[in-house]
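Okay, structure36.txt is below, compact mmCIF, C-alpha atoms and all ligand atoms:
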# COMPACT_ATOMS: atom_id res chain seq x y z
CA MET A 1 72.13 -1.31 231.67
CA SER A 2 73.96 -2.16 228.45
CA LYS A 3 71.50 -2.14 225.61
CA VAL A 4 72.88 -3.26 222.28
CA LEU A 5 71.38 -2.94 218.80
CA VAL A 6 72.65 -5.52 216.28
CA ILE A 7 72.21 -4.82 212.56
CA GLY A 8 72.06 -7.71 210.04
CA ALA A 9 70.58 -11.19 210.48
CA GLY A 10 72.96 -13.59 208.68
CA GLY A 11 75.13 -16.35 210.13
CA VAL A 12 77.58 -14.01 211.91
CA SER A 13 74.77 -12.03 213.52
CA SER A 14 73.03 -15.23 214.62
CA VAL A 15 76.15 -16.42 216.47
CA ALA A 16 76.86 -13.01 218.04
CA VAL A 17 73.25 -12.59 219.25
CA HIS A 18 73.18 -16.12 220.75
CA LYS A 19 76.49 -15.45 222.52
CA MET A 20 75.29 -12.06 223.81
CA ALA A 21 72.14 -13.72 225.16
CA MET A 22 74.35 -16.24 226.98
CA ASN A 23 76.01 -13.28 228.78
CA PRO A 24 73.09 -11.25 230.15
CA GLY A 25 75.34 -9.71 232.80
CA ILE A 26 77.07 -7.75 230.01
CA PHE A 27 74.27 -7.52 227.43
CA SER A 28 71.25 -6.54 229.48
CA HIS A 29 68.99 -6.02 226.46
CA ILE A 30 69.43 -7.09 222.83
CA SER A 31 67.59 -5.61 219.83
CA LEU A 32 68.09 -7.03 216.34
CA ALA A 33 67.25 -5.22 213.09
CA SER A 34 67.81 -6.23 209.48
CA ARG A 35 66.46 -5.86 205.96
CA THR A 36 64.36 -9.04 206.25
CA LYS A 37 62.55 -9.07 209.60
CA SER A 38 61.63 -12.77 209.35
CA LYS A 39 65.34 -13.62 209.63
CA CYS A 40 65.57 -11.54 212.84
CA ASP A 41 62.51 -13.34 214.19
CA ALA A 42 64.03 -16.75 213.43
CA ILE A 43 67.21 -15.80 215.35
CA ALA A 44 65.13 -14.42 218.25
CA GLU A 45 63.13 -17.65 218.40
CA SER A 46 66.28 -19.80 218.48
CA VAL A 47 67.78 -17.55 221.18
CA LYS A 48 64.61 -17.86 223.27
CA THR A 49 64.66 -21.66 222.96
CA ARG A 50 68.37 -22.01 223.71
CA THR A 51 68.83 -19.34 226.40
CA GLY A 52 65.41 -18.15 227.54
CA GLN A 53 66.37 -14.55 226.65
CA THR A 54 64.10 -12.23 224.64
CA VAL A 55 65.44 -10.34 221.61
CA ASP A 56 63.39 -7.46 220.12
CA THR A 57 63.30 -7.45 216.32
CA TYR A 58 62.87 -4.68 213.74
CA GLU A 59 62.98 -4.23 209.97
CA ILE A 60 65.51 -1.70 208.71
CA ASP A 61 67.35 -0.73 205.55
CA ALA A 62 70.60 0.34 207.20
CA GLU A 63 71.57 2.44 204.17
CA GLU A 64 68.64 4.78 204.93
CA ILE A 65 70.24 7.11 207.49
CA PRO A 66 66.98 8.84 208.63
CA ALA A 67 65.35 5.43 209.23
CA MET A 68 68.44 4.27 211.17
CA VAL A 69 68.35 7.46 213.28
CA LYS A 70 64.67 6.88 214.06
CA LEU A 71 65.31 3.26 215.06
CA ILE A 72 68.28 4.19 217.27
CA LYS A 73 66.21 6.87 219.02
CA GLN A 74 63.46 4.30 219.61
CA VAL A 75 65.76 1.54 220.92
CA GLN A 76 68.26 3.83 222.73
CA PRO A 77 71.20 1.41 222.65
CA LYS A 78 74.62 2.09 224.16
CA LEU A 79 76.30 0.34 221.24
CA ILE A 80 75.46 -0.59 217.64
CA VAL A 81 77.00 -3.87 216.45
CA ASN A 82 77.05 -3.81 212.65
CA LEU A 83 76.91 -7.38 211.31
CA ALA A 84 75.25 -6.49 208.00
CA LEU A 85 77.46 -6.05 204.93
CA PRO A 86 80.50 -3.77 204.46
CA TYR A 87 78.42 -1.56 202.12
CA GLN A 88 76.39 -0.33 205.11
CA ASP A 89 79.34 0.66 207.37
CA LEU A 90 79.44 4.38 206.54
CA ALA A 91 75.68 4.91 206.74
CA ILE A 92 75.51 3.18 210.13
CA MET A 93 78.52 5.16 211.41
CA GLU A 94 76.82 8.38 210.29
CA ALA A 95 73.63 7.39 212.15
CA CYS A 96 75.79 6.70 215.26
CA LEU A 97 77.34 10.17 214.99
CA ILE A 98 73.92 11.83 214.66
CA THR A 99 72.45 9.95 217.64
CA GLY A 100 75.57 9.80 219.87
CA VAL A 101 75.97 6.00 220.01
CA ASN A 102 79.13 3.84 219.92
CA TYR A 103 79.85 1.56 216.93
CA LEU A 104 81.45 -1.82 216.16
CA ASP A 105 81.84 -3.83 212.93
CA THR A 106 83.68 -6.87 211.52
CA ALA A 107 84.60 -5.78 207.99
CA ASN A 108 85.85 -2.54 206.46
CA TYR A 109 83.64 -0.35 204.29
CA GLU A 110 83.50 -1.28 200.61
CA PRO A 111 81.90 0.77 197.85
CA LYS A 112 79.49 -1.42 195.86
CA ASP A 113 80.94 -0.63 192.44
CA VAL A 114 84.61 -1.43 193.12
CA ALA A 115 86.15 -4.17 195.29
CA LYS A 116 88.44 -2.06 197.51
CA PHE A 117 89.47 -3.18 200.97
CA GLU A 118 90.75 -0.03 202.65
CA TYR A 119 90.21 1.62 206.00
CA HIS A 120 90.62 5.23 204.84
CA TRP A 121 86.90 5.97 204.55
CA GLN A 122 86.33 4.89 208.15
CA TRP A 123 89.59 6.29 209.55
CA ALA A 124 88.49 9.65 208.11
CA LEU A 125 85.68 9.69 210.69
CA HIS A 126 88.13 9.58 213.63
CA ASP A 127 87.92 13.27 214.52
CA ARG A 128 84.13 13.35 214.33
CA PHE A 129 83.83 10.35 216.69
CA ARG A 130 86.46 11.92 219.01
CA GLN A 131 84.71 15.29 219.08
CA LYS A 132 81.45 13.57 220.04
CA GLY A 133 83.18 11.50 222.75
CA LEU A 134 82.19 8.29 220.94
CA MET A 135 84.11 5.10 220.19
CA ALA A 136 84.07 3.07 216.97
CA LEU A 137 85.84 -0.32 216.93
CA LEU A 138 86.64 -1.64 213.44
CA GLY A 139 87.10 -5.25 212.38
CA SER A 140 86.14 -7.24 215.48
CA GLY A 141 85.74 -10.63 213.77
CA PHE A 142 88.37 -13.37 213.45
CA ASP A 143 90.24 -12.08 210.42
CA PRO A 144 90.22 -9.14 210.70
CA GLY A 145 89.95 -9.13 214.44
CA VAL A 146 91.45 -11.98 216.45
CA THR A 147 94.43 -12.25 214.07
CA SER A 148 95.46 -8.69 215.06
CA VAL A 149 94.83 -9.37 218.76
CA PHE A 150 96.99 -12.52 218.44
CA ALA A 151 99.83 -10.41 216.97
CA MET A 152 99.55 -7.84 219.76
CA TRP A 153 99.48 -10.57 222.43
CA LEU A 154 102.70 -12.03 220.99
CA LYS A 155 104.22 -8.58 221.07
CA GLN A 156 103.14 -8.08 224.70
CA HIS A 157 104.25 -11.49 226.00
CA LYS A 158 106.81 -13.11 223.68
CA LEU A 159 108.48 -10.78 221.16
CA LYS A 160 110.10 -7.34 221.44
CA ASN A 161 109.14 -6.70 217.83
CA ILE A 162 107.52 -8.64 214.99
CA ARG A 163 109.74 -8.78 211.92
CA LEU A 164 107.85 -11.41 209.91
CA LEU A 165 104.13 -12.18 210.15
CA ASP A 166 102.08 -14.80 208.29
CA ILE A 167 98.35 -15.12 208.91
CA LEU A 168 97.04 -18.57 207.95
CA ASP A 169 93.30 -19.08 207.51
CA CYS A 170 92.26 -22.68 206.95
CA ASN A 171 88.73 -23.92 206.61
CA GLY A 172 88.98 -27.71 206.57
CA GLY A 173 85.19 -28.03 206.62
CA ASP A 174 83.19 -29.94 204.02
CA HIS A 175 79.61 -28.75 203.47
CA GLY A 176 78.70 -31.35 200.86
CA GLN A 177 77.94 -28.75 198.13
CA ALA A 178 79.77 -28.64 194.78
CA PHE A 179 80.44 -24.91 195.26
CA GLU A 180 79.56 -22.54 198.06
CA THR A 181 81.25 -19.85 200.11
CA ASN A 182 81.25 -19.93 203.90
CA PHE A 183 80.13 -16.38 204.38
CA ASN A 184 78.26 -13.92 202.20
CA PRO A 185 79.15 -15.14 198.66
CA GLU A 186 79.20 -11.67 197.13
CA ILE A 187 81.67 -10.30 199.71
CA ASN A 188 83.71 -13.53 199.69
CA ILE A 189 84.11 -13.69 195.89
CA ARG A 190 84.99 -9.97 195.67
CA GLU A 191 87.75 -10.65 198.22
CA VAL A 192 89.09 -13.80 196.59
CA THR A 193 89.16 -12.42 193.04
CA ALA A 194 90.96 -9.19 194.04
CA PRO A 195 94.73 -9.07 193.34
CA ALA A 196 96.93 -10.47 196.12
CA ARG A 197 98.98 -7.93 198.07
CA HIS A 198 101.52 -8.36 200.83
CA TRP A 199 103.63 -5.96 202.86
CA LEU A 200 107.38 -6.05 202.16
CA ASN A 201 109.94 -3.56 203.45
CA GLY A 202 107.51 -0.66 203.70
CA GLU A 203 105.71 -1.26 200.40
CA TRP A 204 102.76 -3.24 199.04
CA VAL A 205 103.74 -5.95 196.56
CA GLU A 206 100.88 -6.88 194.23
CA THR A 207 100.50 -10.22 192.42
CA PRO A 208 97.59 -11.57 190.34
CA ALA A 209 94.80 -13.20 192.37
CA MET A 210 95.28 -16.85 193.42
CA THR A 211 98.63 -17.37 191.71
CA ILE A 212 100.93 -18.00 194.69
CA ARG A 213 100.16 -21.35 196.29
CA GLU A 214 101.88 -23.25 199.09
CA GLN A 215 101.02 -26.35 201.09
CA PHE A 216 100.78 -26.31 204.88
CA ASP A 217 99.94 -29.06 207.37
CA PHE A 218 97.24 -27.62 209.67
CA GLU A 219 96.75 -29.19 213.08
CA GLY A 220 93.29 -30.74 213.32
CA VAL A 221 92.81 -30.54 209.54
CA GLY A 222 95.86 -31.97 207.71
CA PRO A 223 97.81 -30.71 204.66
CA LYS A 224 95.99 -28.08 202.58
CA ASN A 225 96.81 -25.83 199.66
CA MET A 226 96.74 -22.18 200.70
CA TYR A 227 96.87 -19.10 198.48
CA LEU A 228 98.45 -15.70 199.05
CA MET A 229 95.70 -13.07 199.26
CA TYR A 230 95.17 -9.51 200.35
CA HIS A 231 93.24 -9.16 203.57
CA GLU A 232 92.26 -5.95 205.28
CA GLU A 233 94.06 -6.48 208.61
CA LEU A 234 97.37 -6.27 206.72
CA GLU A 235 96.72 -2.52 206.39
CA SER A 236 96.12 -1.90 210.10
CA LEU A 237 98.91 -4.27 211.15
CA ALA A 238 101.39 -2.45 208.87
CA LYS A 239 100.26 0.83 210.44
CA PHE A 240 100.35 -0.22 214.10
CA LEU A 241 103.39 -2.54 213.85
CA PRO A 242 105.75 -0.26 211.88
CA GLU A 243 108.65 -2.66 212.52
CA LEU A 244 107.08 -5.32 210.23
CA GLU A 245 109.44 -6.27 207.39
CA ARG A 246 106.96 -8.67 205.83
CA ALA A 247 103.30 -9.43 206.46
CA ARG A 248 101.32 -11.93 204.40
CA PHE A 249 97.85 -13.49 204.47
CA TRP A 250 97.10 -17.03 203.27
CA MET A 251 93.75 -18.76 202.85
CA THR A 252 93.07 -22.41 201.99
CA PHE A 253 90.86 -23.38 199.06
CA GLY A 254 90.08 -26.85 197.72
CA ASP A 255 90.60 -27.74 194.06
CA ALA A 256 86.82 -27.93 193.42
CA TYR A 257 86.35 -24.37 194.74
CA ILE A 258 89.15 -23.06 192.50
CA GLN A 259 87.77 -24.88 189.44
CA HIS A 260 84.25 -23.53 189.94
CA LEU A 261 85.52 -20.02 190.65
CA THR A 262 87.74 -20.07 187.54
CA VAL A 263 84.78 -21.03 185.33
CA LEU A 264 82.51 -18.43 186.95
CA GLN A 265 85.18 -15.77 186.41
CA ASN A 266 85.82 -16.85 182.82
CA VAL A 267 82.13 -16.62 181.92
CA GLY A 268 81.72 -13.23 183.61
CA MET A 269 79.53 -14.33 186.53
CA THR A 270 81.77 -12.62 189.11
CA ARG A 271 81.50 -9.17 187.44
CA ILE A 272 80.34 -6.36 189.71
CA ASP A 273 79.42 -3.91 186.92
CA PRO A 274 75.81 -3.88 185.71
CA VAL A 275 74.71 -5.78 182.58
CA ILE A 276 71.34 -5.44 180.86
CA TYR A 277 69.22 -8.60 180.99
CA ASN A 278 65.66 -8.57 179.59
CA GLY A 279 65.70 -4.78 179.70
CA GLN A 280 66.75 -4.75 183.37
CA GLU A 281 70.11 -3.93 184.93
CA ILE A 282 71.58 -6.79 186.95
CA ILE A 283 74.96 -7.28 188.63
CA PRO A 284 76.16 -10.79 187.71
CA LEU A 285 77.80 -11.41 191.12
CA GLN A 286 74.58 -10.42 192.93
CA PHE A 287 72.63 -12.79 190.69
CA LEU A 288 75.14 -15.55 191.47
CA LYS A 289 74.62 -14.92 195.20
CA ALA A 290 70.89 -15.32 194.69
CA VAL A 291 71.27 -18.81 193.16
CA LEU A 292 73.82 -20.10 195.69
CA PRO A 293 72.62 -21.51 199.02
CA GLU A 294 72.61 -19.07 201.96
CA PRO A 295 75.81 -19.61 204.00
CA ALA A 296 73.60 -19.72 207.10
CA SER A 297 71.89 -22.84 205.65
CA LEU A 298 75.15 -24.84 205.54
CA GLY A 299 75.29 -25.42 209.29
CA PRO A 300 73.57 -28.80 209.47
CA THR A 301 75.75 -30.37 206.75
CA THR A 302 79.19 -28.95 207.49
CA ARG A 303 81.77 -31.30 209.04
CA GLY A 304 85.42 -30.72 209.92
CA LYS A 305 87.39 -27.92 211.52
CA THR A 306 88.76 -24.45 210.93
CA ASN A 307 92.27 -23.50 212.01
CA ILE A 308 93.20 -19.80 211.89
CA GLY A 309 96.33 -18.27 213.36
CA ASP A 310 99.46 -16.15 213.16
CA ILE A 311 103.09 -17.21 212.72
CA ALA A 312 105.30 -14.39 213.98
CA THR A 313 109.07 -14.04 214.08
CA GLY A 314 111.07 -11.41 215.93
CA ALA A 315 113.52 -10.72 218.75
CA ALA A 316 112.44 -12.55 221.90
CA LEU A 317 111.41 -10.40 224.85
CA ASP A 318 113.68 -12.40 227.16
CA GLY A 319 116.74 -11.54 225.07
CA SER A 320 117.25 -15.13 223.85
CA GLY A 321 117.60 -14.10 220.18
CA GLU A 322 115.18 -14.40 217.28
CA LYS A 323 112.17 -16.64 217.95
CA THR A 324 109.11 -17.81 216.00
CA PHE A 325 105.70 -18.45 217.58
CA TYR A 326 102.53 -19.93 216.12
CA ILE A 327 99.32 -18.87 217.84
CA SER A 328 96.02 -20.28 216.61
CA ASN A 329 92.50 -21.46 217.28
CA ILE A 330 90.89 -24.67 216.03
CA CYS A 331 87.09 -24.60 215.79
CA ASP A 332 84.85 -27.59 215.03
CA HIS A 333 81.94 -26.99 212.62
CA GLU A 334 79.64 -29.53 214.30
CA ASP A 335 80.32 -28.21 217.82
CA ALA A 336 79.63 -24.65 216.62
CA TYR A 337 76.37 -25.81 215.04
CA ALA A 338 75.28 -27.67 218.16
CA GLU A 339 75.79 -24.57 220.30
CA THR A 340 74.30 -21.81 218.13
CA GLY A 341 72.81 -23.42 215.00
CA ASN A 342 75.59 -21.99 212.78
CA GLN A 343 78.78 -23.41 211.22
CA ALA A 344 82.28 -22.50 212.36
CA VAL A 345 82.98 -19.67 209.87
CA SER A 346 80.02 -17.74 211.27
CA TYR A 347 80.97 -18.86 214.79
CA THR A 348 84.61 -17.73 214.57
CA THR A 349 83.37 -14.27 213.45
CA GLY A 350 80.32 -13.91 215.70
CA VAL A 351 82.11 -14.79 218.94
CA PRO A 352 84.84 -12.09 218.51
CA ALA A 353 82.09 -9.60 217.58
CA MET A 354 80.41 -10.38 220.91
CA ILE A 355 83.76 -10.12 222.73
CA GLY A 356 84.63 -6.78 221.09
CA ALA A 357 81.20 -5.50 222.14
CA ALA A 358 81.83 -6.79 225.67
CA MET A 359 85.22 -4.99 225.74
CA MET A 360 83.41 -1.73 224.95
CA LEU A 361 80.41 -2.21 227.24
CA THR A 362 82.46 -3.28 230.27
CA GLY A 363 85.00 -0.48 229.76
CA ALA A 364 87.90 -2.94 229.30
CA TRP A 365 88.59 -1.06 226.06
CA THR A 366 87.82 2.65 225.99
CA GLY A 367 88.63 5.53 223.68
CA GLU A 368 87.21 8.45 221.76
CA GLY A 369 87.52 8.16 218.00
CA VAL A 370 87.80 5.35 215.44
CA PHE A 371 90.04 2.44 216.49
CA ASN A 372 91.42 -0.84 215.20
CA MET A 373 91.93 -3.96 217.30
CA GLU A 374 95.72 -3.43 217.48
CA GLN A 375 95.27 -0.30 219.60
CA PHE A 376 94.02 -2.04 222.76
CA ASP A 377 95.33 -4.36 225.47
CA PRO A 378 94.99 -7.88 224.00
CA ASP A 379 94.84 -9.67 227.40
CA PRO A 380 91.15 -9.23 228.36
CA PHE A 381 90.08 -10.11 224.81
CA MET A 382 92.31 -13.22 224.78
CA ALA A 383 90.89 -14.30 228.15
CA MET A 384 87.34 -14.06 226.80
CA LEU A 385 88.27 -16.10 223.69
CA ASN A 386 89.24 -18.95 226.04
CA GLN A 387 86.04 -18.60 228.06
CA HIS A 388 83.55 -18.25 225.21
CA GLY A 389 84.28 -21.03 222.73
CA LEU A 390 87.44 -20.04 220.84
CA PRO A 391 90.35 -21.38 222.94
CA TRP A 392 93.80 -20.64 221.52
CA THR A 393 97.23 -22.20 221.84
CA CYS A 394 100.70 -20.72 221.35
CA LYS A 395 103.72 -22.84 220.51
CA GLU A 396 107.29 -22.12 219.49
CA LEU A 397 108.39 -23.16 215.99
CA ALA A 398 111.95 -23.88 214.86
CA GLY A 399 111.82 -20.84 212.55
CA PRO A 400 109.65 -18.85 210.13
CA LEU A 401 107.88 -20.46 207.15
CA GLU A 402 110.42 -21.71 204.61
CA PHE A 403 108.60 -20.13 201.65
P1 LIG A 501 75.07 -12.71 205.43
O1 LIG A 501 74.95 -12.34 204.02
O2 LIG A 501 74.68 -14.09 205.89
O3 LIG A 501 74.25 -11.66 206.33
C1 LIG A 501 74.25 -10.29 206.06
C2 LIG A 501 72.98 -9.72 206.68
O4 LIG A 501 72.97 -8.29 206.45
C3 LIG A 501 71.70 -10.28 206.05
O5 LIG A 501 70.78 -10.57 207.07
C4 LIG A 501 71.22 -9.12 205.18
O6 LIG A 501 69.84 -9.04 205.00
C5 LIG A 501 71.68 -7.94 206.00
N1 LIG A 501 71.69 -6.74 205.19
C6 LIG A 501 72.23 -6.58 203.95
N2 LIG A 501 72.00 -5.34 203.50
C7 LIG A 501 71.32 -4.70 204.47
C8 LIG A 501 70.79 -3.40 204.59
N3 LIG A 501 70.92 -2.48 203.61
N4 LIG A 501 70.15 -3.08 205.73
C9 LIG A 501 69.99 -3.98 206.72
N5 LIG A 501 70.46 -5.23 206.66
C10 LIG A 501 71.13 -5.59 205.54
O7 LIG A 501 76.59 -12.42 205.86
P2 LIG A 501 77.44 -13.03 207.06
O8 LIG A 501 76.61 -13.14 208.29
O9 LIG A 501 78.17 -14.21 206.58
O10 LIG A 501 78.52 -11.85 207.26
C11 LIG A 501 78.17 -10.66 207.95
C12 LIG A 501 79.35 -9.71 207.97
O11 LIG A 501 80.47 -10.32 208.60
C13 LIG A 501 79.84 -9.27 206.58
O12 LIG A 501 80.12 -7.90 206.62
C14 LIG A 501 81.11 -10.03 206.38
O13 LIG A 501 82.01 -9.35 205.55
C15 LIG A 501 81.63 -10.07 207.81
N6 LIG A 501 82.57 -11.18 208.03
C16 LIG A 501 83.71 -10.90 208.75
C17 LIG A 501 84.62 -11.89 209.01
C18 LIG A 501 85.78 -11.62 209.91
O14 LIG A 501 86.44 -12.57 210.35
N7 LIG A 501 86.11 -10.38 210.24
C19 LIG A 501 84.47 -13.27 208.49
C20 LIG A 501 83.18 -13.48 207.85
C21 LIG A 501 82.29 -12.45 207.60
P3 LIG A 501 69.04 -10.04 203.98
O15 LIG A 501 68.87 -11.26 204.81
O16 LIG A 501 67.78 -9.33 203.70
O17 LIG A 501 69.92 -10.24 202.80
With the file now loaded, output its structure as C-alpha cells.
Ligand code: NDP
Amino acid sequence: MSKVLVIGAGGVSSVAVHKMAMNPGIFSHISLASRTKSKCDAIAESVKTRTGQTVDTYEIDAEEIPAMVKLIKQVQPKLIVNLALPYQDLAIMEACLITGVNYLDTANYEPKDVAKFEYHWQWALHDRFRQKGLMALLGSGFDPGVTSVFAMWLKQHKLKNIRLLDILDCNGGDHGQAFETNFNPEINIREVTAPARHWLNGEWVETPAMTIREQFDFEGVGPKNMYLMYHEELESLAKFLPELERARFWMTFGDAYIQHLTVLQNVGMTRIDPVIYNGQEIIPLQFLKAVLPEPASLGPTTRGKTNIGDIATGAALDGSGEKTFYISNICDHEDAYAETGNQAVSYTTGVPAMIGAAMMLTGAWTGEGVFNMEQFDPDPFMAMLNQHGLPWTCKELAGPLEF
C-alpha cells in the first residue's frame, strides 16, 4: 500500500493528483489537503469523474506544524508531496521529521520577506533525514526537476562531461489576458524580478534582472525572445556537475509581459515589504496576486505549446571529440487541458511531481537524507516521462549556442 498525502490545491497539484489517480498500482490511496478545502474538493470531483478514483480531502495550514503532525498521523501516508508554495517547505519537512514520513517538493524554500532561491536551508536538514532513515527529494518539477534529469541522462548516455549547459524554457502559449503569470503570480514575479545569475568558471556572475536578451527559434513554437535569469537548479547542477564551465538559464517572455511588469515594478506593485494602507499592513505583490486571475483558471483559454530543454556541450562518450546535444519536451496547452483540466505549465510541473513520487514509492530511487534530482539514475524517470505525457527528444546540434 502506497498512501500519499498531497499538500496544496493549485494547478500543479491538480495535475499531479489526476496523474496519480491514473496510476492506482503505484498510488494506492491519495489524500489531498490545502488551505482552502473547496479547492481540494473540486480537484477530487474532477478526479472522480475522469478516473473513477476517490481522493480524501482536508483543510490544513501547512505552516502550522502541530496541525500538520496531527493530519499526518490521521492519514498515515508513506510520502508527503508538497505542491503548496515554497514558503511552506521547511514547516512540512519538520512535520515529516516528527512523524517519520518521506518528503517531495517542486520548488526550494523561500523566506517570505526576501526573494532568495537557495537550497541551503533544506540541505541543512540532510543529517536529520538520514538519522531518521527518511528520504526527501527536492525540486521534482520540470525546472527544477526534469532539466536536471535531462542533464544527467546526457551525461550517462552521450557525454563524458558537460562543459557548457544552457537551459531554455519557452512558453509559447497565449492565454488571451493582457497580463498574467502561468503559475503562482507572487512566486513567479519574485523569480523574474530577482537579479540574473549564471555559473562561469566556478563563480556566480550577477547581472541586473531581464537585461540580457537573445532570440531563439523553438521547435513547435517559433522564434521567441528569451532572457537570462537565475533559476534554482543552477545551484544543484553546479554542485553535482563540478566540471561545468558555464551554466545558464533562459526564459521566454513576450513584449506585453515585459511592458506590464516594468510598469508594475516602477509603481511599486512588485514590492514584498509591507506598506500601510487604510491603517492595515499589506504586501503590494500579495495584493497584486489577489487581483490577477488564478493561474488554474487559464486552462480553458490557453492555446499553443511549451518547449523546455537543455543544450549541453562536452566530450562525447564514444571518444569522437566535443559534441553538443539538445534534449527537450514540447507540451501542448490544449492537450494538457483536455487530459487534466489544467494548462501546460501546471502539467509540465505536475507530471514530474507524480513521477518523482513514483520513483520513491516503487523504490526506483532510494536514499536516506535530503537529495536533489541529479543524485539518482535518470533512466527510470526518463522512461516514465515518455509513458505519462511528457515525451522527450534528443538531437545533435552543430555546436553550442553562438551567444
Ligand atoms: P498555486 O498558487 O496555484 O497553488 C498553491 C496552492 O498552495 C494553493 O492551493 C494554496 O492555497 C496552497 N497554499 C498556500 N499556502 C498554504 C498553506 N500555508 N497551507 C496549505 N496550503 C497552502 O500554485 P501552483 O500550483 O502554480 O504552484 C505550486 C508549486 O509549484 C509552487 O511552489 C511553485 O513554485 C511550484 N512550481 C514549480 C515548477 C517547477 O517546474 N519546478 C513550475 C511551476 C510551479 P489557496 O488556494 O488557499 O491559496
* Asked: For the atom pair CA of Ile7 (chain A) and CA of Leu390 (chain A), what is the interatomic distance in Å to one decimal place?
  ->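 So the answer is 23.1 Å.
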* **Residue nearest Phe253 (chain A) - candidates A:Thr57, A:Asn171, A:Gln286, A:Thr270, atoms counted: only C-alpha atoms** => A:Asn171
Contacts of chain A with ligand LIG 501 (chain A) up to 6 Å, shortest pair per row, only C-alpha atoms and all ligand atoms, as a Markdown table:
| residue | atom | partner | partner_atom | distance |
| --- | --- | --- | --- | --- |
| A:Gly8 | CA | A:LIG501 | O4 | 3.7 |
| A:Ala9 | CA | A:LIG501 | O5 | 3.5 |
| A:Gly10 | CA | A:LIG501 | O3 | 3.3 |
| A:Gly11 | CA | A:LIG501 | O8 | 4.0 |
| A:Val12 | CA | A:LIG501 | O8 | 3.8 |
| A:Ser13 | CA | A:LIG501 | O8 | 5.7 |
| A:Ser34 | CA | A:LIG501 | N5 | 4.0 |
| A:Arg35 | CA | A:LIG501 | C9 | 4.1 |
| A:Thr36 | CA | A:LIG501 | O16 | 4.3 |
| A:Ile60 | CA | A:LIG501 | C9 | 5.4 |
| A:Asp61 | CA | A:LIG501 | N4 | 3.7 |
| A:Ala62 | CA | A:LIG501 | N4 | 3.7 |
| A:Glu63 | CA | A:LIG501 | N3 | 5.0 |
| A:Leu83 | CA | A:LIG501 | C12 | 4.7 |
| A:Ala84 | CA | A:LIG501 | O4 | 3.3 |
| A:Leu85 | CA | A:LIG501 | O12 | 3.7 |
| A:Pro86 | CA | A:LIG501 | O12 | 4.7 |
| A:Thr106 | CA | A:LIG501 | N7 | 4.5 |
| A:Ala107 | CA | A:LIG501 | O13 | 5.0 |
| A:Gly139 | CA | A:LIG501 | N7 | 5.6 |
| A:Gly141 | CA | A:LIG501 | N7 | 3.6 |
| A:Phe142 | CA | A:LIG501 | O14 | 3.7 |
| A:Asp143 | CA | A:LIG501 | O14 | 3.8 |
| A:Pro144 | CA | A:LIG501 | N7 | 4.3 |
| A:Gly145 | CA | A:LIG501 | N7 | 5.8 |
| A:Phe183 | CA | A:LIG501 | O9 | 3.7 |
| A:Asn184 | CA | A:LIG501 | O1 | 4.1 |
| A:Ile187 | CA | A:LIG501 | O13 | 5.9 |
| A:Pro295 | CA | A:LIG501 | O2 | 5.9 |
| A:Ala296 | CA | A:LIG501 | O2 | 5.9 |
| A:Thr349 | CA | A:LIG501 | O14 | 4.7 |
* Asked: Which is closer to Glu402 (chain A) than all the others in A:Ala316, A:Leu134, A:Ile311, A:Leu361, using all atoms listed in the file?
  ->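 Selected residue with least distance to Glu402 (chain A): A:Ile311.
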* To do: Quick one: everything within 8 Å of His175 (chain A), counting all atoms listed in the file, minus sequence neighbours fewer than 4 positions away in the same chain. Send it as a list in words.
  =>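 After dropping sequence-adjacent residues, the list is Leu298, Gly299, Thr301, Thr302 and Arg303 of chain A.
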Residues of region 168-270 of chain A at most 8 Å from region 370-378 of chain A: nearest atom pair and distance in Å, all atoms listed in the file, as a tab-separated table:
residue	atom	partner	partner_atom	distance
A:Ser236	CA	A:Asn372	CA	7.0
A:Leu237	CA	A:Glu374	CA	7.1
A:Phe240	CA	A:Glu374	CA	6.6
Written selection (C-alpha atoms) as a JSON list (two decimals), in the coordinates of the input:
[["chain", "number", "residue", "atom", "x", "y", "z"],
["A", 236, "SER", "CA", 96.12, -1.90, 210.10],
["A", 237, "LEU", "CA", 98.91, -4.27, 211.15],
["A", 240, "PHE", "CA", 100.35, -0.22, 214.10]]
